[in-house]
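A.B. asks: The following file, work.pdb, comprises PDB, C-alpha atoms:
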MODEL        1
ATOM      1  CA  MET O 748       4.186  -3.496  27.907  1.00  0.00           C
ATOM      2  CA  HIS O 749       1.800  -0.603  28.643  1.00  0.00           C
ATOM      3  CA  VAL O 750       3.499   1.630  26.040  1.00  0.00           C
ATOM      4  CA  ALA O 751       3.440  -1.161  23.453  1.00  0.00           C
ATOM      5  CA  LEU O 752      -0.270  -1.803  23.960  1.00  0.00           C
ATOM      6  CA  SER O 753      -1.163   1.885  24.035  1.00  0.00           C
ATOM      7  CA  ALA O 754      -0.341   2.199  20.332  1.00  0.00           C
ATOM      8  CA  TRP O 755      -3.207  -0.184  19.586  1.00  0.00           C
ATOM      9  CA  ARG O 756      -5.654   2.172  21.307  1.00  0.00           C
ATOM     10  CA  GLU O 757      -4.784   5.209  19.166  1.00  0.00           C
ATOM     11  CA  PRO O 758      -7.015   6.069  16.178  1.00  0.00           C
ATOM     12  CA  ARG O 759      -4.001   7.421  14.270  1.00  0.00           C
ATOM     13  CA  THR O 760      -2.322   4.011  14.425  1.00  0.00           C
ATOM     14  CA  TYR O 761      -5.318   2.408  12.757  1.00  0.00           C
ATOM     15  CA  ALA O 762      -5.605   5.166  10.163  1.00  0.00           C
ATOM     16  CA  ILE O 763      -1.952   4.704   9.229  1.00  0.00           C
ATOM     17  CA  GLY O 764      -2.628   0.981   9.270  1.00  0.00           C
ATOM     18  CA  VAL O 765      -5.348   1.428   6.639  1.00  0.00           C
ATOM     19  CA  VAL O 766      -2.863   3.275   4.431  1.00  0.00           C
ATOM     20  CA  MET O 767      -0.368   0.449   4.818  1.00  0.00           C
ATOM     21  CA  LEU O 768      -3.020  -2.256   4.492  1.00  0.00           C
ATOM     22  CA  GLY O 769      -4.226  -0.948   1.156  1.00  0.00           C
ATOM     23  CA  MET O 770      -0.754  -0.651  -0.328  1.00  0.00           C
ATOM     24  CA  SER O 771       0.454  -3.949   1.155  1.00  0.00           C
ATOM     25  CA  PHE O 772      -2.546  -5.726  -0.362  1.00  0.00           C
ATOM     26  CA  ALA O 773      -1.778  -4.043  -3.684  1.00  0.00           C
ATOM     27  CA  GLU O 774       1.873  -5.093  -3.598  1.00  0.00           C
ATOM     28  CA  GLY O 775       1.285  -8.611  -2.316  1.00  0.00           C
ATOM     29  CA  GLY O 776      -1.607  -9.151  -4.702  1.00  0.00           C
ATOM     30  CA  ALA O 777       0.544  -8.126  -7.657  1.00  0.00           C
ATOM     31  CA  ASN O 778       3.438 -10.354  -6.609  1.00  0.00           C
ATOM     32  CA  ASP O 779       1.177 -13.402  -6.440  1.00  0.00           C
ATOM     33  CA  TRP O 780      -1.521 -12.802  -9.049  1.00  0.00           C
ATOM     34  CA  LEU O 781      -0.469 -10.207 -11.630  1.00  0.00           C
ATOM     35  CA  ALA O 782       1.462 -12.654 -13.830  1.00  0.00           C
ATOM     36  CA  LEU O 783      -1.371 -15.189 -13.722  1.00  0.00           C
ATOM     37  CA  GLY O 784      -3.866 -12.502 -14.654  1.00  0.00           C
ATOM     38  CA  VAL O 785      -1.849 -11.635 -17.751  1.00  0.00           C
ATOM     39  CA  ALA O 786      -1.141 -15.235 -18.668  1.00  0.00           C
ATOM     40  CA  GLU O 787      -4.652 -16.609 -18.308  1.00  0.00           C
ATOM     41  CA  ASP O 788      -7.292 -13.881 -18.061  1.00  0.00           C
ATOM     42  CA  HIS O 789      -5.688 -11.597 -20.645  1.00  0.00           C
ATOM     43  CA  GLY O 790      -4.414 -14.488 -22.779  1.00  0.00           C
ATOM     44  CA  GLY O 791      -0.799 -13.342 -22.812  1.00  0.00           C
ATOM     45  CA  GLY O 792       0.878 -16.606 -21.832  1.00  0.00           C
ATOM     46  CA  THR O 793       3.466 -17.216 -19.141  1.00  0.00           C
ATOM     47  CA  ALA O 794       6.299 -15.254 -20.768  1.00  0.00           C
ATOM     48  CA  LEU O 795       4.269 -12.053 -21.012  1.00  0.00           C
ATOM     49  CA  GLY O 796       2.914 -12.700 -17.530  1.00  0.00           C
ATOM     50  CA  ALA O 797       6.445 -12.718 -16.179  1.00  0.00           C
ATOM     51  CA  ALA O 798       7.277  -9.609 -18.202  1.00  0.00           C
ATOM     52  CA  ALA O 799       4.268  -7.766 -16.781  1.00  0.00           C
ATOM     53  CA  LEU O 800       5.287  -8.664 -13.236  1.00  0.00           C
ATOM     54  CA  ALA O 801       8.796  -7.398 -14.018  1.00  0.00           C
ATOM     55  CA  THR O 802       7.255  -4.152 -15.300  1.00  0.00           C
ATOM     56  CA  PHE O 803       5.371  -3.777 -12.027  1.00  0.00           C
ATOM     57  CA  SER O 804       8.504  -4.489  -9.975  1.00  0.00           C
ATOM     58  CA  VAL O 805      10.745  -2.112 -11.928  1.00  0.00           C
ATOM     59  CA  ALA O 806       8.198   0.705 -11.687  1.00  0.00           C
ATOM     60  CA  MET O 807       7.772   0.176  -7.946  1.00  0.00           C
ATOM     61  CA  THR O 808      11.518  -0.038  -7.311  1.00  0.00           C
ATOM     62  CA  ALA O 809      12.243   3.092  -9.356  1.00  0.00           C
ATOM     63  CA  VAL O 810       9.841   5.173  -7.284  1.00  0.00           C
ATOM     64  CA  ARG O 811      11.242   3.749  -4.041  1.00  0.00           C
ATOM     65  CA  VAL O 812      14.762   4.634  -5.125  1.00  0.00           C
ATOM     66  CA  PHE O 813      14.078   8.090  -6.550  1.00  0.00           C
ATOM     67  CA  GLY O 814      10.917   9.163  -4.710  1.00  0.00           C
ATOM     68  CA  GLY O 815      12.602  10.662  -1.635  1.00  0.00           C
ATOM     69  CA  PRO O 816      13.051  14.180  -3.053  1.00  0.00           C
ATOM     70  CA  LEU O 817       9.423  14.164  -4.207  1.00  0.00           C
ATOM     71  CA  VAL O 818       8.264  13.370  -0.676  1.00  0.00           C
ATOM     72  CA  ASP O 819      10.547  16.073   0.725  1.00  0.00           C
ATOM     73  CA  ARG O 820       9.099  18.623  -1.675  1.00  0.00           C
ATOM     74  CA  LEU O 821       5.397  17.753  -1.582  1.00  0.00           C
ATOM     75  CA  GLY O 822       5.003  16.051   1.775  1.00  0.00           C
ATOM     76  CA  ARG O 823       3.849  12.586   2.741  1.00  0.00           C
ATOM     77  CA  VAL O 824       0.102  13.215   2.508  1.00  0.00           C
ATOM     78  CA  ILE O 825       0.034  14.588  -1.034  1.00  0.00           C
ATOM     79  CA  VAL O 826       2.393  11.890  -2.279  1.00  0.00           C
ATOM     80  CA  LEU O 827       0.345   9.142  -0.651  1.00  0.00           C
ATOM     81  CA  ARG O 828      -2.881  10.494  -2.131  1.00  0.00           C
ATOM     82  CA  VAL O 829      -1.427  10.751  -5.620  1.00  0.00           C
ATOM     83  CA  LEU O 830       0.087   7.285  -5.387  1.00  0.00           C
ATOM     84  CA  ALA O 831      -3.151   5.772  -4.073  1.00  0.00           C
ATOM     85  CA  LEU O 832      -4.998   7.275  -7.026  1.00  0.00           C
ATOM     86  CA  THR O 833      -2.295   5.995  -9.365  1.00  0.00           C
ATOM     87  CA  ALA O 834      -2.522   2.492  -7.893  1.00  0.00           C
ATOM     88  CA  ALA O 835      -6.317   2.426  -8.167  1.00  0.00           C
ATOM     89  CA  ALA O 836      -6.189   3.680 -11.756  1.00  0.00           C
ATOM     90  CA  GLY O 837      -3.453   1.217 -12.669  1.00  0.00           C
ATOM     91  CA  ILE O 838      -5.312  -1.766 -11.224  1.00  0.00           C
ATOM     92  CA  LEU O 839      -8.526  -0.692 -12.963  1.00  0.00           C
ATOM     93  CA  LEU O 840      -6.671  -0.369 -16.258  1.00  0.00           C
ATOM     94  CA  PHE O 841      -5.064  -3.762 -15.705  1.00  0.00           C
ATOM     95  CA  ILE O 842      -8.476  -5.354 -15.116  1.00  0.00           C
ATOM     96  CA  LEU O 843     -10.351  -3.678 -17.947  1.00  0.00           C
ATOM     97  CA  ALA O 844      -7.660  -3.171 -20.610  1.00  0.00           C
ATOM     98  CA  PRO O 845      -8.703  -4.543 -24.007  1.00  0.00           C
ATOM     99  CA  THR O 846      -5.127  -4.891 -25.275  1.00  0.00           C
ATOM    100  CA  LEU O 847      -1.884  -6.185 -23.792  1.00  0.00           C
ATOM    101  CA  PRO O 848       0.020  -2.879 -24.154  1.00  0.00           C
ATOM    102  CA  LEU O 849      -2.608  -1.264 -21.930  1.00  0.00           C
ATOM    103  CA  VAL O 850      -2.339  -4.187 -19.514  1.00  0.00           C
ATOM    104  CA  PHE O 851       1.391  -3.459 -19.224  1.00  0.00           C
ATOM    105  CA  LEU O 852       0.683   0.238 -18.705  1.00  0.00           C
ATOM    106  CA  GLY O 853      -1.723  -0.727 -15.943  1.00  0.00           C
ATOM    107  CA  ALA O 854       0.933  -2.930 -14.362  1.00  0.00           C
ATOM    108  CA  ALA O 855       3.419  -0.040 -14.414  1.00  0.00           C
ATOM    109  CA  LEU O 856       0.940   2.394 -12.837  1.00  0.00           C
ATOM    110  CA  TRP O 857       0.033  -0.272 -10.283  1.00  0.00           C
ATOM    111  CA  GLY O 858       3.700  -0.590  -9.319  1.00  0.00           C
ATOM    112  CA  ILE O 859       4.201   3.167  -9.103  1.00  0.00           C
ATOM    113  CA  GLY O 860       1.125   3.554  -6.939  1.00  0.00           C
ATOM    114  CA  ALA O 861       2.004   0.742  -4.546  1.00  0.00           C
ATOM    115  CA  SER O 862       5.590   1.876  -4.090  1.00  0.00           C
ATOM    116  CA  LEU O 863       5.687   4.150  -1.052  1.00  0.00           C
ATOM    117  CA  GLY O 864       2.635   3.337   1.048  1.00  0.00           C
ATOM    118  CA  PHE O 865       4.460   0.958   3.360  1.00  0.00           C
ATOM    119  CA  PRO O 866       7.667   2.972   3.921  1.00  0.00           C
ATOM    120  CA  LEU O 867       5.812   6.276   4.345  1.00  0.00           C
ATOM    121  CA  GLY O 868       3.401   4.629   6.749  1.00  0.00           C
ATOM    122  CA  MET O 869       6.329   3.407   8.830  1.00  0.00           C
ATOM    123  CA  SER O 870       7.839   6.897   8.732  1.00  0.00           C
ATOM    124  CA  ALA O 871       4.585   8.432   9.928  1.00  0.00           C
ATOM    125  CA  ALA O 872       4.315   5.925  12.762  1.00  0.00           C
ATOM    126  CA  ALA O 873       7.798   6.947  13.938  1.00  0.00           C
ATOM    127  CA  ASP O 874       7.075  10.690  14.147  1.00  0.00           C
ATOM    128  CA  ASP O 875       6.948  10.767  17.951  1.00  0.00           C
ATOM    129  CA  PRO O 876      10.357   9.577  19.254  1.00  0.00           C
ATOM    130  CA  ALA O 877       8.966   8.675  22.678  1.00  0.00           C
ATOM    131  CA  LYS O 878       6.374   6.292  21.225  1.00  0.00           C
ATOM    132  CA  ALA O 879       7.997   5.408  17.916  1.00  0.00           C
ATOM    133  CA  ALA O 880       8.878   1.804  18.782  1.00  0.00           C
ATOM    134  CA  ALA O 881       5.347   0.869  19.832  1.00  0.00           C
ATOM    135  CA  ARG O 882       3.662   2.673  16.963  1.00  0.00           C
ATOM    136  CA  VAL O 883       6.044   1.335  14.329  1.00  0.00           C
ATOM    137  CA  SER O 884       5.550  -2.174  15.705  1.00  0.00           C
ATOM    138  CA  ALA O 885       1.769  -1.853  15.493  1.00  0.00           C
ATOM    139  CA  ALA O 886       1.824  -0.337  12.008  1.00  0.00           C
ATOM    140  CA  ALA O 887       4.319  -2.914  10.753  1.00  0.00           C
ATOM    141  CA  THR O 888       2.149  -5.728  12.104  1.00  0.00           C
ATOM    142  CA  ILE O 889      -0.842  -4.446  10.139  1.00  0.00           C
ATOM    143  CA  GLY O 890       1.271  -4.022   7.002  1.00  0.00           C
ATOM    144  CA  TYR O 891       3.006  -7.392   7.116  1.00  0.00           C
ATOM    145  CA  VAL O 892      -0.166  -9.315   7.969  1.00  0.00           C
ATOM    146  CA  SER O 893      -1.817  -7.660   4.966  1.00  0.00           C
ATOM    147  CA  PHE O 894       1.166  -8.370   2.708  1.00  0.00           C
ATOM    148  CA  LEU O 895       1.387 -12.036   3.704  1.00  0.00           C
ATOM    149  CA  GLY O 896      -2.277 -12.800   4.288  1.00  0.00           C
ATOM    150  CA  GLY O 897      -3.786 -10.754   1.480  1.00  0.00           C
ATOM    151  CA  PRO O 898      -2.764 -12.899  -1.511  1.00  0.00           C
ATOM    152  CA  PRO O 899      -4.215 -16.158  -0.114  1.00  0.00           C
ATOM    153  CA  VAL O 900      -7.465 -14.353   0.673  1.00  0.00           C
ATOM    154  CA  LEU O 901      -7.574 -12.997  -2.875  1.00  0.00           C
ATOM    155  CA  GLY O 902      -6.855 -16.460  -4.218  1.00  0.00           C
ATOM    156  CA  PHE O 903      -9.727 -17.955  -2.252  1.00  0.00           C
ATOM    157  CA  ILE O 904     -12.144 -15.289  -3.452  1.00  0.00           C
ATOM    158  CA  SER O 905     -10.955 -15.637  -7.053  1.00  0.00           C
ATOM    159  CA  GLU O 906     -11.999 -19.287  -7.058  1.00  0.00           C
ATOM    160  CA  HIS O 907     -15.585 -18.076  -6.761  1.00  0.00           C
ATOM    161  CA  ILE O 908     -15.714 -14.899  -8.851  1.00  0.00           C
ATOM    162  CA  GLY O 909     -12.611 -15.025 -11.070  1.00  0.00           C
ATOM    163  CA  LEU O 910      -9.228 -13.356 -10.679  1.00  0.00           C
ATOM    164  CA  LEU O 911      -9.848 -10.106 -12.521  1.00  0.00           C
ATOM    165  CA  ASN O 912     -13.112  -9.529 -10.653  1.00  0.00           C
ATOM    166  CA  THR O 913     -11.279 -10.184  -7.391  1.00  0.00           C
ATOM    167  CA  LEU O 914      -8.758  -7.465  -8.187  1.00  0.00           C
ATOM    168  CA  PHE O 915     -11.522  -4.868  -7.828  1.00  0.00           C
ATOM    169  CA  ILE O 916     -11.005  -5.409  -4.089  1.00  0.00           C
ATOM    170  CA  LEU O 917      -7.527  -3.911  -4.505  1.00  0.00           C
ATOM    171  CA  VAL O 918      -9.018  -0.874  -6.222  1.00  0.00           C
ATOM    172  CA  VAL O 919     -11.253  -0.268  -3.213  1.00  0.00           C
ATOM    173  CA  LEU O 920      -8.390  -0.785  -0.751  1.00  0.00           C
ATOM    174  CA  ALA O 921      -6.118   1.571  -2.687  1.00  0.00           C
ATOM    175  CA  ALA O 922      -8.866   4.199  -2.618  1.00  0.00           C
ATOM    176  CA  LEU O 923      -9.255   3.725   1.141  1.00  0.00           C
ATOM    177  CA  SER O 924      -5.517   4.119   1.519  1.00  0.00           C
ATOM    178  CA  GLY O 925      -5.765   7.488  -0.187  1.00  0.00           C
ATOM    179  CA  LEU O 926      -8.735   8.563   1.933  1.00  0.00           C
ATOM    180  CA  PHE O 927      -6.892   7.792   5.169  1.00  0.00           C
ATOM    181  CA  SER O 928      -3.550   9.235   4.079  1.00  0.00           C
ATOM    182  CA  GLY O 929      -4.135  12.452   6.041  1.00  0.00           C
ATOM    183  CA  ALA O 930      -3.128  10.462   9.126  1.00  0.00           C
ATOM    184  CA  ALA O 931       0.429  10.372   7.786  1.00  0.00           C
ATOM    185  CA  ARG O 932       0.987  14.117   8.126  1.00  0.00           C
ATOM    186  CA  PRO O 933       3.978  14.957  10.328  1.00  0.00           C
ATOM    187  CA  LEU O 934       3.072  15.551  13.952  1.00  0.00           C
ATOM    188  CA  ARG O 935       3.418  19.068  15.316  1.00  0.00           C
ATOM    189  CA  GLU O 936       5.718  19.508  18.282  1.00  0.00           C
ATOM    190  CA  ASP O 937       2.764  20.005  20.613  1.00  0.00           C
ATOM    191  CA  GLU O 938       1.330  16.643  19.485  1.00  0.00           C
ATOM    192  CA  LYS O 939       4.434  14.721  20.467  1.00  0.00           C
ATOM    193  CA  THR O 940       4.995  13.147  23.861  1.00  0.00           C
ATOM    194  CA  PRO O 941       6.908  15.554  26.160  1.00  0.00           C
ATOM    195  CA  VAL O 942      10.394  14.347  26.986  1.00  0.00           C
ATOM    196  CA  THR O 943      10.897  14.338  30.719  1.00  0.00           C
ATOM    197  CA  ALA O 944      14.303  14.686  32.296  1.00  0.00           C
ATOM    198  CA  ALA O 945      15.606  11.589  34.055  1.00  0.00           C
TER
ENDMDL
END
What does the file become when written as structure tokens?
C.D. replies:
Amino acid sequence: MHVALSAWREPRTYAIGVVMLGMSFAEGGANDWLALGVAEDHGGGTALGAAALATFSVAMTAVRVFGGPLVDRLGRVIVLRVLALTAAAGILLFILAPTLPLVFLGAALWGIGASLGFPLGMSAAADDPAKAAARVSAAATIGYVSFLGGPPVLGFISEHIGLLNTLFILVVLAALSGLFSGAARPLREDEKTPVTAA
């Protein structure tokens, strides 16, 4: 119990949590509200709304499938920063685009940007084998609460200021994710918990 709770007292856990929170909000928000934004706010109708959501999903899945070598080459921090910037730019383009082709481009960039925040955050939380279980549990809790709770919160806010205006929140959260991504750097050996012989 002490080890499990100790993860919640570590600044790095919360910094990784911010990375995961921003990307989980971006993913969950897209899953619940992207199609509606295209259909109603951009006047595309339900068919194009579904197509835009599919564009987002395909882009996100492609990066998750093929992004491993990129992370190996550039490192978690650089990849997370680039993806956070991509997500923020994609959401902004989605909100402000004057034409539907640009809306679809925004959806694709949104999906690319939101793709690896959660899995790379989990990987970073697991860097120290001795404390991996507790840290992964804490980080996953932050990520899943954001993923599940974020869309209803966005929906509530959108009732007051409109859906597209609400999506600016995701831009801010994606930017925060990028700012905190330095916490995901691999731990040095001297930063890990010493393994004591039984």
A.B. asks: Could you tell me which residues the PyMOL selection byres ((chain O and resi 863) around 9) grabs in this file, written as a list in words?
C.D. replies: Met770, Met807, Val810, Arg811, Gly814, Val826, Leu827, Leu830, Ile859, Gly860, Ala861, Ser862, Gly864, Phe865, Pro866, Leu867 and Gly868 of chain O
A.B. asks: So how many Å separate CA of Gly929 in chain O and CA of Leu821 in chain O, to one decimal?
C.D. replies: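 So the answer is 13.3 Å.
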A.B. asks: Looking at O:Leu840, O:Ile763, O:Val824, O:Leu901, which one is nearest to Leu917 in chain O, with distances taken over all atoms listed in the file?
C.D. replies: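 So, comparing all the options, the nearest one is O:Leu901.
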A.B. asks: Check the smallest atom-to-atom distance from each of O:Gly822, O:Pro758, O:Gly837, O:Gly909 to Asp788 in chain O using only C-alpha atoms, then report the winner.
C.D. replies: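 Of the candidates, the smallest distance to Asp788 in chain O is held by O:Gly909.
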A.B. asks: Evaluate the PyMOL selection byres ((chain O and resi 775) around 12) and record the selected residues as a PyMOL selection string, following the chain and residue labels used in the document.
C.D. replies: chain O and resi 767-774+776-781+800+803-804+857-858+861-862+865+890-902+914+917
A.B. asks: Run the PyMOL selection byres ((chain O and resi 835) around 9) on the file and write out the hits as a ChimeraX atom specification.
C.D. replies: /O:830-834,836-840,856-857,860,915,917-922
A.B. asks: Calculated over all atoms listed in the file, which of the candidates O:Met869, O:Ala885, O:Gly784, O:Leu911 has the smallest distance to Gly796 in chain O?
C.D. replies: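 Under the stated criterion, the closest residue is O:Gly784.
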A.B. asks: May I ask for the distance between CA of Ala871 in chain O and CA of Ala801 in chain O, given in Å to one decimal place?
C.D. replies: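 Pair CA of Ala871 in chain O / CA of Ala801 in chain O returns 29.0 Å.
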A.B. asks: Which residue, O:His789, O:Ser905, O:Ala930, O:Leu910, has the smallest gap to Pro845 in chain O when you use all atoms listed in the file?
C.D. replies: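 Closest residue, counting all atoms listed in the file: O:His789.
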A.B. asks: As an exercise, work out the distance from CA of Ala782 in chain O to CA of Leu926 in chain O in Å and give it to one decimal place.
C.D. replies: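 CA of Leu926 in chain O lies 28.3 Å from CA of Ala782 in chain O.
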A.B. asks: Which of these, O:Val766, O:Val785, O:Ile825, O:Leu923, has the shortest distance to Ile842 in chain O once you count all atoms listed in the file?
C.D. replies: O:Val785
A.B. asks: Nearest to Val883 in chain O: which of O:Arg756, O:Ala797, O:Thr808, O:Gly764 is it, counting all atoms listed in the file?
C.D. replies: O:Gly764
A.B. asks: Take every atom of range 786-796 of chain O listed in the file, pad by 5 Å on each side, and give me the axis-aligned box centre and edge lengths in Å, one decimal, as AutoDock Vina command-line options.
C.D. replies:
--center_x -0.5 --center_y -14.4 --center_z -20.2 --size_x 23.6 --size_y 15.6 --size_z 15.3
A.B. asks: Name the residues, using the chain letters and numbers of the file, that sit within 12 Å of (5.7, 11.2, 13.9) when counting only C-alpha atoms, and give them as an MDAnalysis selection string.
C.D. replies: chainID O and resid 759:760 763 823 867:883 930:940
A.B. asks: Rebuild range 827-845 of chain O so that it carries N, CA and C atoms, then output the result as a short mmCIF file (atom, residue, chain, number, x, y, z; two decimals), keeping the file's coordinate frame.
C.D. replies:
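See result27.cif below for the written result:
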data_model
loop_
_atom_site.label_atom_id
_atom_site.label_comp_id
_atom_site.auth_asym_id
_atom_site.auth_seq_id
_atom_site.Cartn_x
_atom_site.Cartn_y
_atom_site.Cartn_z
N LEU O 827 1.15 10.35 -0.89
CA LEU O 827 0.34 9.14 -0.65
C LEU O 827 -0.98 9.20 -1.40
N ARG O 828 -1.60 10.37 -1.42
CA ARG O 828 -2.88 10.49 -2.13
C ARG O 828 -2.71 10.30 -3.64
N VAL O 829 -1.68 10.91 -4.18
CA VAL O 829 -1.43 10.75 -5.62
C VAL O 829 -1.10 9.30 -5.95
N LEU O 830 -0.29 8.68 -5.12
CA LEU O 830 0.09 7.28 -5.39
C LEU O 830 -1.10 6.34 -5.22
N ALA O 831 -1.96 6.61 -4.24
CA ALA O 831 -3.15 5.77 -4.07
C ALA O 831 -4.05 5.87 -5.30
N LEU O 832 -4.21 7.08 -5.81
CA LEU O 832 -5.00 7.28 -7.03
C LEU O 832 -4.35 6.57 -8.21
N THR O 833 -3.02 6.66 -8.29
CA THR O 833 -2.30 6.00 -9.36
C THR O 833 -2.46 4.48 -9.28
N ALA O 834 -2.36 3.94 -8.07
CA ALA O 834 -2.52 2.49 -7.89
C ALA O 834 -3.92 2.06 -8.30
N ALA O 835 -4.94 2.79 -7.83
CA ALA O 835 -6.32 2.43 -8.17
C ALA O 835 -6.54 2.49 -9.68
N ALA O 836 -6.03 3.54 -10.31
CA ALA O 836 -6.19 3.68 -11.76
C ALA O 836 -5.44 2.58 -12.50
N GLY O 837 -4.23 2.26 -12.02
CA GLY O 837 -3.45 1.22 -12.67
C GLY O 837 -4.11 -0.15 -12.57
N ILE O 838 -4.65 -0.47 -11.40
CA ILE O 838 -5.31 -1.77 -11.22
C ILE O 838 -6.57 -1.83 -12.08
N LEU O 839 -7.34 -0.73 -12.10
CA LEU O 839 -8.53 -0.69 -12.96
C LEU O 839 -8.16 -0.89 -14.43
N LEU O 840 -7.11 -0.21 -14.87
CA LEU O 840 -6.67 -0.37 -16.26
C LEU O 840 -6.22 -1.80 -16.51
N PHE O 841 -5.50 -2.37 -15.56
CA PHE O 841 -5.06 -3.76 -15.70
C PHE O 841 -6.26 -4.70 -15.86
N ILE O 842 -7.30 -4.48 -15.07
CA ILE O 842 -8.48 -5.35 -15.12
C ILE O 842 -9.23 -5.20 -16.43
N LEU O 843 -9.42 -3.97 -16.85
CA LEU O 843 -10.35 -3.68 -17.95
C LEU O 843 -9.69 -3.52 -19.31
N ALA O 844 -8.36 -3.47 -19.35
CA ALA O 844 -7.66 -3.17 -20.61
C ALA O 844 -8.03 -4.16 -21.71
N PRO O 845 -8.34 -3.65 -22.89
CA PRO O 845 -8.70 -4.54 -24.01
C PRO O 845 -7.49 -5.06 -24.77
#
